[in-house]
Structure formats: C-alpha cells, structure tokens
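Report on one structure; see the data block that follows.
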Amino acid sequence: MSVITEGITEFEVIVNNMAKTRQRLEARSATKSDIYFWQALQDYYNNALQAAREGKPLILSGMFPPHELFTAMDIPYYVAENHAIMTGQSGAEVTISLMEKGESYGMSADVCSPHRVAIGIARSGMAPRPTMVVSTSTTCDQTLKLYELLADFYSVPSFMVDSTFRLDKASIDYGKKDIQELIGFLEVQTGKKLDMDKLKEVLRLSRESYDYWEKICDLRKAVPCPAGGRSGIKDLTVIQIACGTELGVKYFQARYQELKEKVAKGEGAVSPEKHRIAWLYVLPLFDLKIADWLEEEFGAVIAVDSFGYATTGIELNPDDPLEFLVKKPLKRGFVCKGYGANEDTHFVDELARVTEEYHADVAILLSHWSCQQYCGVIRLLRDAIGGKLGLPFFILNGDLMDPRVASSEQMKSSLSEFFSTSVPNSKR
C-alpha cells in the first residue's frame, strides 16, 4: 500500500459507520449527549481522513498532549492508544492479530496491550501515515517508548512534552517553557503561526467543557448514581477528541442536564441500586459490557473509576494559555496523582478519599499486569481501602485488551464468587 493511500480506506469505513450510528440515534430520538458523542467521533476521524487525503499535516498524538493547541492551529490529529482501543472493539481475533504484529516487531508480550495493538496497526497500514508525532511523559512509562517507536517506524519528526505533576511555580515555569518549544516545533513542521487570540478562544471552550465535566463528576456522587458504569468512558473520549470545540461543549452541557434531571427525580442507572463500586483502574476494554453485567446481576453500579473523576482545586485560566496547557492534564485525577511517587502525590490516600466521597461500598481493582504504576501500589490500596475503610476489596486479574490473559467469562466467574462470598446482601 502506498504512502498516499495508507489507512484511507480504513478511516473511510470508520467515518461512514459513525455517521450511520449517529443517524440511527437521531431517528429514534436518543439523548442529545449520545448524538453529540458520535458526531464528535465522526468529525475527529473525518478531520484526520481529510488531512491524509490532501497530504496536509497530521499529528499522531498521545493521550495527554495539549490537543487544544492542535485545534487552534487547525492541525488534525488522532490518538494512537484511543484508536487502538477503538480498533479492538472489532473482536478478539483482530486484537490478537494486531498484538502479534506488534510483538513480531520486537515488542515484548509484557508490554501494555493497547501499545502492542498500536504498533500492529501501524505495521498493518490500518491508519493514515502521520507527518509528525507528539507525545508526553504523562503518565505511563511505557508510553515514552511507544511514541518513540512510532516516530521511528514512520520516519517522522517527533516532540515529547516533559509534563509536570507538580503545581509549584518552578514546575509550572518549566512546563510553560516546554509548551513554548512545542509551539515552535509545530510552527516549523506546518509552516503555520499560532494565533494566540484563537488559542485563548479554544481554551475558553475547553474550560467550559471541563467545568461541566467536573459538575458531572459531582452528580455521580448522588445516591442512586445517575450514570452507568461505562458511560464515563464517553466523557473521557470527548475530552481527548473535542475539548476546545463548540461540539465538545454541547456534549458536556447536554450530558450534565440529562444527569441533573435524573438526580432531581431520584433516578439511578440501576434500580434498585444495591452496591456502588469504586473501580480502581480502567474497565476491561475488550468487553465493556462487564459493567452492564455487574448492574444486571448484582445491582452494582460503578460510581467512580480512578481515571474518570475530576481533580479539584486546579483552576484553568484561558487568559494565561501556557499555564492552562501545563495544568490541564492534571484535572484528571489519575494523571495528577499517579504520575509521581506515592509519598509525593499521596495517590493512595487520594483514591481512598475519592472512594468515600462517591459513597462506594465495594472496591474492585483490575490488575492490568503490564501496568507498573498500578501493580506497584496494589498492596497499598488494599490496605487503605480494604483495611482502613473496611470495604470488600477485590483484585481482578486480567488485561485491558488481551482476552487470553483472562476471558470475559473467567472475569465474570471471579466477580461472581467475590460478590457471593465477600459482599454482604449480594446473593444472586
């Protein structure tokens, strides 16, 4: 497949499928937030598709770079890990094949599965060839190598933002300098100059989205919880792909109003709500329906997960664009607390506090075995949440995308045993 057409067909299929999904939702008068979600995804992929078709600049991005900067400079992008996860929804056969392609490139089978899939996608020519790579040091150490490998594979220039996890003046000043260097890199690679007024406008839209998201997180503390276990993944997806756009604001505004109305009526995602789970990682991405199964089988809703809550006390000021872009990733709890050493960030104490704040009575931790950051604090989390708080605490063995480590049925069997033996009033 030639460089010009690489990944074009695959992205055309994605865009068309998302358009059909959105049209079906509109035909059956689905919630506004669902329609906006699929529109945002369609626009995001279509922007990347059009850039590839026309030979224009296209960024292969990490999860935490300042995407608003790309939006302000009209540079389309797609996120390698997010696209790997989306591709993995095609089924186990596709996912395993792509992981094996990543492994045959030299990646160890111990490397995080979304990263192996991302390399497999690149080697298979299933995504448009980028003109540059932009990543960050936040928050996974394996991410540093993933984007280095992708830049090497595509033979394109790359920039790594050395993100801070502290909010002291020295750290913020260091981060600002890094963002300035990124702006210079983007201007050289694209031949475009950044319009600072446009960036400020994009950041105002971004802050509005973050403000609504923080309110949504507060609504999830209500008993019963108004949002289902996997719906929060949509919020984080929109943060990745549409923050700083009017459509992103429309999504978060609609979702906030929908959940606010449910809370006012005393309606929960599960009826009756028997249990509230603090999910201390990410759901198994190869089968998100496990969250639905927990709701149906045990009346157990995931009230909070450690990637999906907003860090309080971090103010984003669009009139100080560089500081805004330095602080923005830290609005997501795990990023702020999980990046540094526990004795510095108090990550474990923070998750214990969040568990109480969301009124969880059960804690489940997916032990994604390749994640060094999380596996390194499992004992500390168990002692703090299972021990000090006295909550039933379960370590679920598995992998984010590799069902060979633990299949859906194996996970469900383990969870069933946990609920029937360790969680009061959970007989099936």
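Chain identifiers are assigned as A, B, and so on, following the order in which chains appear in the structure tokens; residues are numbered from 1 within each chain, and ligands are numbered from 1 in order of appearance.
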
Secondary structure check, alpha helix (DSSP H) residues of range 227-293 of chain A, as a PyMOL selection string: chain A and resi 232-242+246-265+289-293

Gly55 in chain A environment, 12 Å, only C-alpha atoms, sequence neighbours closer than 2 positions dropped, as a ChimeraX atom specification: /A:3-6,8,48-53,57-58,76,128-131,190

Generate the output file for the selected residues, N, CA, C and O atoms, as a PDB file, in the first residue's frame.
```pdb
ATOM      1  N   VAL A   3       2.197   5.186   0.390  1.00  0.00           N
ATOM      2  CA  VAL A   3       2.131   6.150   1.485  1.00  0.00           C
ATOM      3  C   VAL A   3       0.873   7.011   1.364  1.00  0.00           C
ATOM      4  O   VAL A   3       0.214   7.331   2.346  1.00  0.00           O
ATOM      5  N   ILE A   4       0.528   7.378   0.126  1.00  0.00           N
ATOM      6  CA  ILE A   4      -0.591   8.298  -0.090  1.00  0.00           C
ATOM      7  C   ILE A   4      -1.920   7.696   0.373  1.00  0.00           C
ATOM      8  O   ILE A   4      -2.746   8.375   0.971  1.00  0.00           O
ATOM      9  N   THR A   5      -2.124   6.407   0.106  1.00  0.00           N
ATOM     10  CA  THR A   5      -3.425   5.795   0.399  1.00  0.00           C
ATOM     11  C   THR A   5      -3.441   5.001   1.700  1.00  0.00           C
ATOM     12  O   THR A   5      -4.486   4.476   2.075  1.00  0.00           O
ATOM     13  N   GLU A   6      -2.337   4.923   2.379  1.00  0.00           N
ATOM     14  CA  GLU A   6      -2.254   4.104   3.587  1.00  0.00           C
ATOM     15  C   GLU A   6      -3.287   4.531   4.635  1.00  0.00           C
ATOM     16  O   GLU A   6      -3.325   5.684   5.057  1.00  0.00           O
ATOM     17  N   ILE A   8      -6.373   5.057   4.393  1.00  0.00           N
ATOM     18  CA  ILE A   8      -7.502   5.859   3.910  1.00  0.00           C
ATOM     19  C   ILE A   8      -8.792   5.043   3.929  1.00  0.00           C
ATOM     20  O   ILE A   8      -9.821   5.482   4.463  1.00  0.00           O
ATOM     21  N   ALA A  48      -8.974  13.827  10.399  1.00  0.00           N
ATOM     22  CA  ALA A  48      -7.725  13.107  10.134  1.00  0.00           C
ATOM     23  C   ALA A  48      -7.744  12.517   8.728  1.00  0.00           C
ATOM     24  O   ALA A  48      -6.727  12.551   8.004  1.00  0.00           O
ATOM     25  N   LEU A  49      -8.888  11.984   8.325  1.00  0.00           N
ATOM     26  CA  LEU A  49      -9.032  11.400   6.995  1.00  0.00           C
ATOM     27  C   LEU A  49      -8.779  12.440   5.900  1.00  0.00           C
ATOM     28  O   LEU A  49      -8.039  12.184   4.936  1.00  0.00           O
ATOM     29  N   GLN A  50      -9.381  13.610   6.055  1.00  0.00           N
ATOM     30  CA  GLN A  50      -9.226  14.651   5.039  1.00  0.00           C
ATOM     31  C   GLN A  50      -7.777  15.130   4.952  1.00  0.00           C
ATOM     32  O   GLN A  50      -7.258  15.381   3.850  1.00  0.00           O
ATOM     33  N   ALA A  51      -7.116  15.247   6.099  1.00  0.00           N
ATOM     34  CA  ALA A  51      -5.705  15.656   6.082  1.00  0.00           C
ATOM     35  C   ALA A  51      -4.861  14.634   5.334  1.00  0.00           C
ATOM     36  O   ALA A  51      -3.980  14.995   4.542  1.00  0.00           O
ATOM     37  N   ALA A  52      -5.135  13.348   5.562  1.00  0.00           N
ATOM     38  CA  ALA A  52      -4.380  12.295   4.886  1.00  0.00           C
ATOM     39  C   ALA A  52      -4.652  12.311   3.388  1.00  0.00           C
ATOM     40  O   ALA A  52      -3.726  12.146   2.573  1.00  0.00           O
ATOM     41  N   ARG A  53      -5.902  12.496   3.018  1.00  0.00           N
ATOM     42  CA  ARG A  53      -6.260  12.537   1.588  1.00  0.00           C
ATOM     43  C   ARG A  53      -5.549  13.674   0.856  1.00  0.00           C
ATOM     44  O   ARG A  53      -5.122  13.531  -0.294  1.00  0.00           O
ATOM     45  N   PRO A  57      -0.615  18.413   7.014  1.00  0.00           N
ATOM     46  CA  PRO A  57      -0.047  17.968   8.288  1.00  0.00           C
ATOM     47  C   PRO A  57      -1.056  17.169   9.112  1.00  0.00           C
ATOM     48  O   PRO A  57      -2.233  17.522   9.190  1.00  0.00           O
ATOM     49  N   LEU A  58      -0.575  16.087   9.694  1.00  0.00           N
ATOM     50  CA  LEU A  58      -1.405  15.204  10.516  1.00  0.00           C
ATOM     51  C   LEU A  58      -0.559  14.709  11.679  1.00  0.00           C
ATOM     52  O   LEU A  58       0.529  14.163  11.476  1.00  0.00           O
ATOM     53  N   PRO A  76      -5.188  18.553  12.245  1.00  0.00           N
ATOM     54  CA  PRO A  76      -5.884  17.334  12.650  1.00  0.00           C
ATOM     55  C   PRO A  76      -4.929  16.358  13.350  1.00  0.00           C
ATOM     56  O   PRO A  76      -3.712  16.370  13.105  1.00  0.00           O
ATOM     57  N   PRO A 128      -3.901   6.261   8.730  1.00  0.00           N
ATOM     58  CA  PRO A 128      -3.132   7.188   7.888  1.00  0.00           C
ATOM     59  C   PRO A 128      -1.741   7.455   8.444  1.00  0.00           C
ATOM     60  O   PRO A 128      -1.546   7.522   9.660  1.00  0.00           O
ATOM     61  N   ARG A 129      -0.824   7.617   7.547  1.00  0.00           N
ATOM     62  CA  ARG A 129       0.563   7.902   7.932  1.00  0.00           C
ATOM     63  C   ARG A 129       0.674   9.347   8.417  1.00  0.00           C
ATOM     64  O   ARG A 129       0.335  10.271   7.677  1.00  0.00           O
ATOM     65  N   PRO A 130       1.127   9.576   9.655  1.00  0.00           N
ATOM     66  CA  PRO A 130       1.237  10.946  10.176  1.00  0.00           C
ATOM     67  C   PRO A 130       2.441  11.662   9.594  1.00  0.00           C
ATOM     68  O   PRO A 130       3.360  11.044   9.053  1.00  0.00           O
ATOM     69  N   THR A 131       2.423  12.984   9.729  1.00  0.00           N
ATOM     70  CA  THR A 131       3.588  13.774   9.321  1.00  0.00           C
ATOM     71  C   THR A 131       4.455  14.135  10.519  1.00  0.00           C
ATOM     72  O   THR A 131       5.575  14.621  10.344  1.00  0.00           O
ATOM     73  N   THR A 190       4.604  22.758  10.245  1.00  0.00           N
ATOM     74  CA  THR A 190       3.409  23.055   9.446  1.00  0.00           C
ATOM     75  C   THR A 190       3.527  24.321   8.603  1.00  0.00           C
ATOM     76  O   THR A 190       2.744  24.520   7.674  1.00  0.00           O
TER      77      THR A 190
END
```

Among the residues A:Leu25, A:Leu149, A:Leu351, A:Val15, the one that comes closest to Ser135 in chain A [using only C-alpha atoms]: A:Leu149

Shortest interatomic distance to Ala127 in chain A - which of A:Phe11, A:Phe393, A:Phe286, A:Trp369, counting only C-alpha atoms: A:Phe11

A:Glu93, A:Glu26, A:Asp141, A:Asp178 ranked by distance to Gln372 in chain A, top pick (using only C-alpha atoms):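 Closest to Gln372 in chain A of all the choices is A:Asp141.
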
DSSP strand (DSSP E or B) selection over range 143-250 of chain A, as an NGL selection string: :A and (158-161)

Can you build me a table of range 255-364 of chain A residues sitting at most 9 Å from range 229-246 of chain A, with the closest atom pair per residue and its distance in Å to one decimal, using only C-alpha atoms, sorted by chain and residue number, as a Markdown table?
```
| residue | atom | partner | partner_atom | distance |
| --- | --- | --- | --- | --- |
| A:Arg255 | CA | A:Asp235 | CA | 8.9 |
| A:Ala269 | CA | A:Gly229 | CA | 8.5 |
| A:Ile277 | CA | A:Gly229 | CA | 8.9 |
| A:Leu283 | CA | A:Arg230 | CA | 7.8 |
| A:Leu288 | CA | A:Arg230 | CA | 6.7 |
| A:Lys289 | CA | A:Arg230 | CA | 7.9 |
| A:Ile290 | CA | A:Arg230 | CA | 8.9 |
| A:Ala291 | CA | A:Gly229 | CA | 5.4 |
| A:Asp292 | CA | A:Gly229 | CA | 7.1 |
| A:Leu294 | CA | A:Gly229 | CA | 8.8 |
| A:Glu295 | CA | A:Gly229 | CA | 8.1 |
| A:Ala300 | CA | A:Gly229 | CA | 8.9 |
| A:Val301 | CA | A:Gly229 | CA | 5.7 |
| A:Ile302 | CA | A:Gly229 | CA | 4.5 |
| A:Ala303 | CA | A:Gly229 | CA | 6.8 |
| A:Val304 | CA | A:Gly229 | CA | 8.0 |
| A:Asp305 | CA | A:Gly232 | CA | 8.6 |
| A:Phe307 | CA | A:Leu236 | CA | 8.5 |
| A:Gly308 | CA | A:Gly232 | CA | 6.4 |
| A:Tyr309 | CA | A:Gly232 | CA | 9.0 |
```

Could you save those same residues with C-alpha atoms as a PDB file, in the first residue's frame?
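In the end it all went to out19.pdb:
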```
ATOM      1  CA  ARG A 255     -24.893  15.248  29.477  1.00  0.00           C
ATOM      2  CA  ALA A 269     -28.686   3.950  36.384  1.00  0.00           C
ATOM      3  CA  ILE A 277     -18.293   0.225  43.085  1.00  0.00           C
ATOM      4  CA  LEU A 283     -12.656  -1.390  32.648  1.00  0.00           C
ATOM      5  CA  LEU A 288     -17.019  -3.048  28.313  1.00  0.00           C
ATOM      6  CA  LYS A 289     -20.301  -4.900  28.779  1.00  0.00           C
ATOM      7  CA  ILE A 290     -18.895  -6.327  32.001  1.00  0.00           C
ATOM      8  CA  ALA A 291     -20.086  -3.076  33.593  1.00  0.00           C
ATOM      9  CA  ASP A 292     -23.622  -3.767  32.319  1.00  0.00           C
ATOM     10  CA  LEU A 294     -22.459  -6.104  37.110  1.00  0.00           C
ATOM     11  CA  GLU A 295     -25.502  -3.824  37.108  1.00  0.00           C
ATOM     12  CA  ALA A 300     -23.845  -2.823  41.364  1.00  0.00           C
ATOM     13  CA  VAL A 301     -23.044   0.446  39.582  1.00  0.00           C
ATOM     14  CA  ILE A 302     -19.543   1.812  39.056  1.00  0.00           C
ATOM     15  CA  ALA A 303     -19.927   5.181  40.762  1.00  0.00           C
ATOM     16  CA  VAL A 304     -16.325   6.212  40.138  1.00  0.00           C
ATOM     17  CA  ASP A 305     -13.209   4.908  38.459  1.00  0.00           C
ATOM     18  CA  PHE A 307      -9.360   7.567  35.520  1.00  0.00           C
ATOM     19  CA  GLY A 308     -12.776   9.214  35.410  1.00  0.00           C
ATOM     20  CA  TYR A 309     -13.001  11.803  38.153  1.00  0.00           C
TER      21      TYR A 309
END
```

Long-range neighbours of Arg353 in chain A as a list in words, 12 Å cut-off, only C-alpha atoms, 5 positions minimum in chain: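 The residues satisfying every condition are Ala278, Val304, Ser306, Thr311, Gly333, His346, Phe347, Val348, Tyr358, His359, Ala360, Leu381, Ala384, Ile385, Lys388 and Leu389 of chain A.
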
Residue selection dump (all heavy atoms) as a short mmCIF file (atom, residue, chain, number, x, y, z; two decimals), in the first residue's frame:
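Writing done, so here's result.cif:
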```cif
data_model
loop_
_atom_site.label_atom_id
_atom_site.label_comp_id
_atom_site.auth_asym_id
_atom_site.auth_seq_id
_atom_site.Cartn_x
_atom_site.Cartn_y
_atom_site.Cartn_z
N ALA A 278 -16.21 1.36 43.55
CA ALA A 278 -15.06 2.18 43.17
C ALA A 278 -14.17 1.27 42.34
O ALA A 278 -13.59 0.32 42.85
CB ALA A 278 -14.32 2.69 44.40
N VAL A 304 -17.53 5.46 40.47
CA VAL A 304 -16.32 6.21 40.14
C VAL A 304 -15.25 5.23 39.72
O VAL A 304 -15.21 4.10 40.19
CB VAL A 304 -15.84 7.06 41.34
CG1 VAL A 304 -15.41 6.18 42.50
CG2 VAL A 304 -14.72 8.02 40.94
N SER A 306 -10.85 5.32 38.73
CA SER A 306 -9.72 6.18 39.06
C SER A 306 -9.22 7.00 37.87
O SER A 306 -8.39 7.89 38.05
CB SER A 306 -8.57 5.35 39.64
OG SER A 306 -8.27 4.24 38.83
N THR A 311 -10.01 16.22 39.26
CA THR A 311 -9.23 16.72 40.39
C THR A 311 -9.73 18.10 40.77
O THR A 311 -9.89 18.97 39.91
CB THR A 311 -7.74 16.81 40.03
OG1 THR A 311 -7.31 15.55 39.51
CG2 THR A 311 -6.90 17.15 41.24
N GLY A 333 -7.87 12.98 37.68
CA GLY A 333 -7.31 12.52 38.94
C GLY A 333 -6.12 11.60 38.84
O GLY A 333 -5.09 11.81 39.49
N HIS A 346 0.65 11.35 47.20
CA HIS A 346 -0.37 10.79 48.10
C HIS A 346 -1.51 10.14 47.29
O HIS A 346 -2.68 10.29 47.60
CB HIS A 346 -0.92 11.86 49.05
CG HIS A 346 0.15 12.58 49.82
ND1 HIS A 346 0.87 11.97 50.82
CD2 HIS A 346 0.64 13.84 49.70
CE1 HIS A 346 1.77 12.84 51.31
NE2 HIS A 346 1.65 13.97 50.64
N PHE A 347 -1.10 9.41 46.28
CA PHE A 347 -2.03 8.77 45.36
C PHE A 347 -2.99 7.84 46.09
O PHE A 347 -4.20 7.87 45.86
CB PHE A 347 -1.20 7.99 44.33
CG PHE A 347 -2.00 7.15 43.39
CD1 PHE A 347 -2.99 7.71 42.61
CD2 PHE A 347 -1.73 5.79 43.25
CE1 PHE A 347 -3.71 6.93 41.71
CE2 PHE A 347 -2.44 5.01 42.36
CZ PHE A 347 -3.43 5.58 41.60
N VAL A 348 -2.47 7.02 46.98
CA VAL A 348 -3.31 6.04 47.67
C VAL A 348 -4.32 6.74 48.58
O VAL A 348 -5.51 6.39 48.60
CB VAL A 348 -2.43 5.06 48.48
CG1 VAL A 348 -3.29 4.18 49.39
CG2 VAL A 348 -1.61 4.19 47.53
N TYR A 358 -17.55 9.21 46.87
CA TYR A 358 -18.56 8.69 45.94
C TYR A 358 -19.42 7.60 46.57
O TYR A 358 -20.17 6.93 45.87
CB TYR A 358 -17.89 8.18 44.66
CG TYR A 358 -17.45 9.29 43.72
CD1 TYR A 358 -16.29 10.02 43.96
CD2 TYR A 358 -18.20 9.62 42.60
CE1 TYR A 358 -15.89 11.05 43.10
CE2 TYR A 358 -17.82 10.64 41.73
CZ TYR A 358 -16.66 11.34 41.99
OH TYR A 358 -16.27 12.36 41.14
N HIS A 359 -19.29 7.45 47.88
CA HIS A 359 -20.14 6.54 48.66
C HIS A 359 -20.06 5.11 48.16
O HIS A 359 -21.06 4.38 48.13
CB HIS A 359 -21.60 7.02 48.65
CG HIS A 359 -21.77 8.47 49.00
ND1 HIS A 359 -21.48 8.96 50.25
CD2 HIS A 359 -22.17 9.54 48.25
CE1 HIS A 359 -21.71 10.27 50.28
NE2 HIS A 359 -22.11 10.64 49.08
N ALA A 360 -18.85 4.68 47.78
CA ALA A 360 -18.66 3.30 47.33
C ALA A 360 -18.68 2.36 48.52
O ALA A 360 -18.18 2.69 49.60
CB ALA A 360 -17.35 3.17 46.56
N LEU A 381 -3.14 0.14 48.19
CA LEU A 381 -4.56 0.42 48.00
C LEU A 381 -5.42 -0.55 48.80
O LEU A 381 -6.42 -0.16 49.40
CB LEU A 381 -4.91 0.34 46.51
CG LEU A 381 -4.44 1.50 45.64
CD1 LEU A 381 -4.59 1.16 44.16
CD2 LEU A 381 -5.21 2.78 45.97
N ALA A 384 -5.31 0.52 52.41
CA ALA A 384 -6.01 1.79 52.69
C ALA A 384 -7.51 1.66 52.52
O ALA A 384 -8.28 2.21 53.31
CB ALA A 384 -5.47 2.89 51.78
N ILE A 385 -7.95 0.97 51.47
CA ILE A 385 -9.38 0.92 51.16
C ILE A 385 -10.03 -0.34 51.72
O ILE A 385 -11.10 -0.28 52.32
CB ILE A 385 -9.58 1.01 49.63
CG1 ILE A 385 -9.09 2.38 49.14
CG2 ILE A 385 -11.05 0.81 49.25
CD1 ILE A 385 -9.07 2.54 47.64
N LYS A 388 -8.32 0.02 56.09
CA LYS A 388 -8.75 1.17 56.90
C LYS A 388 -10.22 1.51 56.70
O LYS A 388 -10.93 1.83 57.65
CB LYS A 388 -7.87 2.38 56.58
CG LYS A 388 -6.42 2.22 57.03
CD LYS A 388 -5.60 3.44 56.67
CE LYS A 388 -4.14 3.26 57.06
NZ LYS A 388 -3.31 4.44 56.68
N LEU A 389 -10.69 1.46 55.45
CA LEU A 389 -12.10 1.78 55.20
C LEU A 389 -13.02 0.59 55.44
O LEU A 389 -14.22 0.76 55.58
CB LEU A 389 -12.29 2.30 53.77
CG LEU A 389 -11.57 3.59 53.37
CD1 LEU A 389 -11.96 4.00 51.96
CD2 LEU A 389 -11.89 4.71 54.36
#
```

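Compared by their closest atoms to Thr312 in chain A, and using only C-alpha atoms, the residues A:Val354, A:Leu325, A:Ile119, A:Val223 rank with A:Val354 nearest.
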
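Nearest to Asp399 in chain A of all the residues A:Leu330, A:Val111, A:Phe185, A:Tyr174 is A:Val111, based on only C-alpha atoms.
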
Interatomic distance, CA of Pro224 in chain A to CA of Thr355 in chain A (Å, one decimal):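 CA of Thr355 in chain A lies 15.2 Å from CA of Pro224 in chain A.
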
Atomic separation - CA of Ser33 in chain A relative to CA of Lys250 in chain A, Å: 7.7 Å

Compile the contact shell of Phe70 in chain A as a PDB file with N, CA, C and O atoms, in the first residue's frame: residues with an atom at most 9 Å away, counting only C-alpha atoms, same-chain residues fewer than 5 positions apart removed.
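Wrote it out as result.pdb, contents follow:
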```pdb
ATOM      1  N   ILE A  59      -1.074  14.911  12.896  1.00  0.00           N
ATOM      2  CA  ILE A  59      -0.339  14.532  14.101  1.00  0.00           C
ATOM      3  C   ILE A  59      -0.821  13.178  14.612  1.00  0.00           C
ATOM      4  O   ILE A  59      -2.025  12.948  14.750  1.00  0.00           O
ATOM      5  N   ILE A  75      -4.655  21.764  13.040  1.00  0.00           N
ATOM      6  CA  ILE A  75      -3.863  20.585  12.685  1.00  0.00           C
ATOM      7  C   ILE A  75      -4.632  19.340  13.150  1.00  0.00           C
ATOM      8  O   ILE A  75      -4.744  19.090  14.351  1.00  0.00           O
ATOM      9  N   PRO A  76      -5.188  18.553  12.245  1.00  0.00           N
ATOM     10  CA  PRO A  76      -5.884  17.334  12.650  1.00  0.00           C
ATOM     11  C   PRO A  76      -4.929  16.358  13.350  1.00  0.00           C
ATOM     12  O   PRO A  76      -3.712  16.370  13.105  1.00  0.00           O
ATOM     13  N   TYR A  77      -5.481  15.523  14.208  1.00  0.00           N
ATOM     14  CA  TYR A  77      -4.674  14.550  14.950  1.00  0.00           C
ATOM     15  C   TYR A  77      -5.529  13.326  15.251  1.00  0.00           C
ATOM     16  O   TYR A  77      -6.761  13.369  15.195  1.00  0.00           O
ATOM     17  N   LEU A 186       5.675  22.884  16.190  1.00  0.00           N
ATOM     18  CA  LEU A 186       4.500  22.804  15.322  1.00  0.00           C
ATOM     19  C   LEU A 186       4.555  23.851  14.207  1.00  0.00           C
ATOM     20  O   LEU A 186       4.163  23.581  13.063  1.00  0.00           O
TER      21      LEU A 186
END
```

Among the residues A:Glu297, A:Asp402, A:Glu81, A:Asp173, the one that comes closest to Tyr147 in chain A [using only C-alpha atoms]: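 Of the candidates, the smallest distance to Tyr147 in chain A is held by A:Glu81.
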
If you take only C-alpha atoms and a cut-off of 6 Å, which residues of range 240-340 of chain A touch range 364-367 of chain A, and what are their nearest atom pairs and distances in Å to one decimal, in chain and number order, as CSV?
```
residue,atom,partner,partner_atom,distance
A:Trp279,CA,A:Ile364,CA,5.0
A:Leu280,CA,A:Leu365,CA,4.6
A:Tyr281,CA,A:Leu366,CA,5.9
```

Close residues, range 212-220 of chain A itself excluded, 6 Å, only C-alpha atoms, min 4 positions apart in chain, as a PyMOL selection string: chain A and resi 225+252+256+309-310

Kindly export the residues of the current selection with all heavy atoms, as a JSON list (two decimals), in the first residue's frame.
```json
[["chain", "number", "residue", "atom", "x", "y", "z"],
["A", 225, "CYS", "N", -26.73, 6.53, 41.90],
["A", 225, "CYS", "CA", -25.86, 7.16, 40.90],
["A", 225, "CYS", "C", -26.61, 7.24, 39.57],
["A", 225, "CYS", "O", -27.14, 6.25, 39.08],
["A", 225, "CYS", "CB", -24.60, 6.32, 40.73],
["A", 225, "CYS", "SG", -23.42, 7.01, 39.56],
["A", 252, "PHE", "N", -20.99, 18.04, 26.68],
["A", 252, "PHE", "CA", -20.92, 18.07, 28.14],
["A", 252, "PHE", "C", -22.11, 18.81, 28.75],
["A", 252, "PHE", "O", -22.61, 18.43, 29.81],
["A", 252, "PHE", "CB", -19.60, 18.69, 28.60],
["A", 252, "PHE", "CG", -18.45, 17.73, 28.54],
["A", 252, "PHE", "CD1", -17.47, 17.85, 27.56],
["A", 252, "PHE", "CD2", -18.35, 16.68, 29.44],
["A", 252, "PHE", "CE1", -16.42, 16.96, 27.49],
["A", 252, "PHE", "CE2", -17.30, 15.78, 29.39],
["A", 252, "PHE", "CZ", -16.34, 15.91, 28.40],
["A", 256, "TYR", "N", -24.64, 16.92, 31.22],
["A", 256, "TYR", "CA", -24.89, 17.46, 32.56],
["A", 256, "TYR", "C", -26.38, 17.66, 32.80],
["A", 256, "TYR", "O", -26.90, 17.26, 33.86],
["A", 256, "TYR", "CB", -24.15, 18.79, 32.71],
["A", 256, "TYR", "CG", -24.54, 19.56, 33.95],
["A", 256, "TYR", "CD1", -24.21, 19.09, 35.22],
["A", 256, "TYR", "CD2", -25.26, 20.75, 33.86],
["A", 256, "TYR", "CE1", -24.58, 19.79, 36.37],
["A", 256, "TYR", "CE2", -25.62, 21.45, 34.99],
["A", 256, "TYR", "CZ", -25.29, 20.97, 36.24],
["A", 256, "TYR", "OH", -25.67, 21.65, 37.36],
["A", 309, "TYR", "N", -12.50, 10.77, 37.25],
["A", 309, "TYR", "CA", -13.00, 11.80, 38.15],
["A", 309, "TYR", "C", -12.12, 13.04, 38.03],
["A", 309, "TYR", "O", -10.96, 12.96, 37.66],
["A", 309, "TYR", "CB", -13.03, 11.31, 39.60],
["A", 309, "TYR", "CG", -11.68, 11.21, 40.27],
["A", 309, "TYR", "CD1", -11.19, 12.28, 41.04],
["A", 309, "TYR", "CD2", -10.89, 10.08, 40.15],
["A", 309, "TYR", "CE1", -9.95, 12.20, 41.64],
["A", 309, "TYR", "CE2", -9.65, 10.00, 40.75],
["A", 309, "TYR", "CZ", -9.18, 11.05, 41.50],
["A", 309, "TYR", "OH", -7.95, 10.99, 42.10],
["A", 310, "ALA", "N", -12.72, 14.19, 38.32],
["A", 310, "ALA", "CA", -12.01, 15.46, 38.15],
["A", 310, "ALA", "C", -11.26, 15.84, 39.42],
["A", 310, "ALA", "O", -11.82, 15.79, 40.52],
["A", 310, "ALA", "CB", -13.01, 16.56, 37.79]]
```
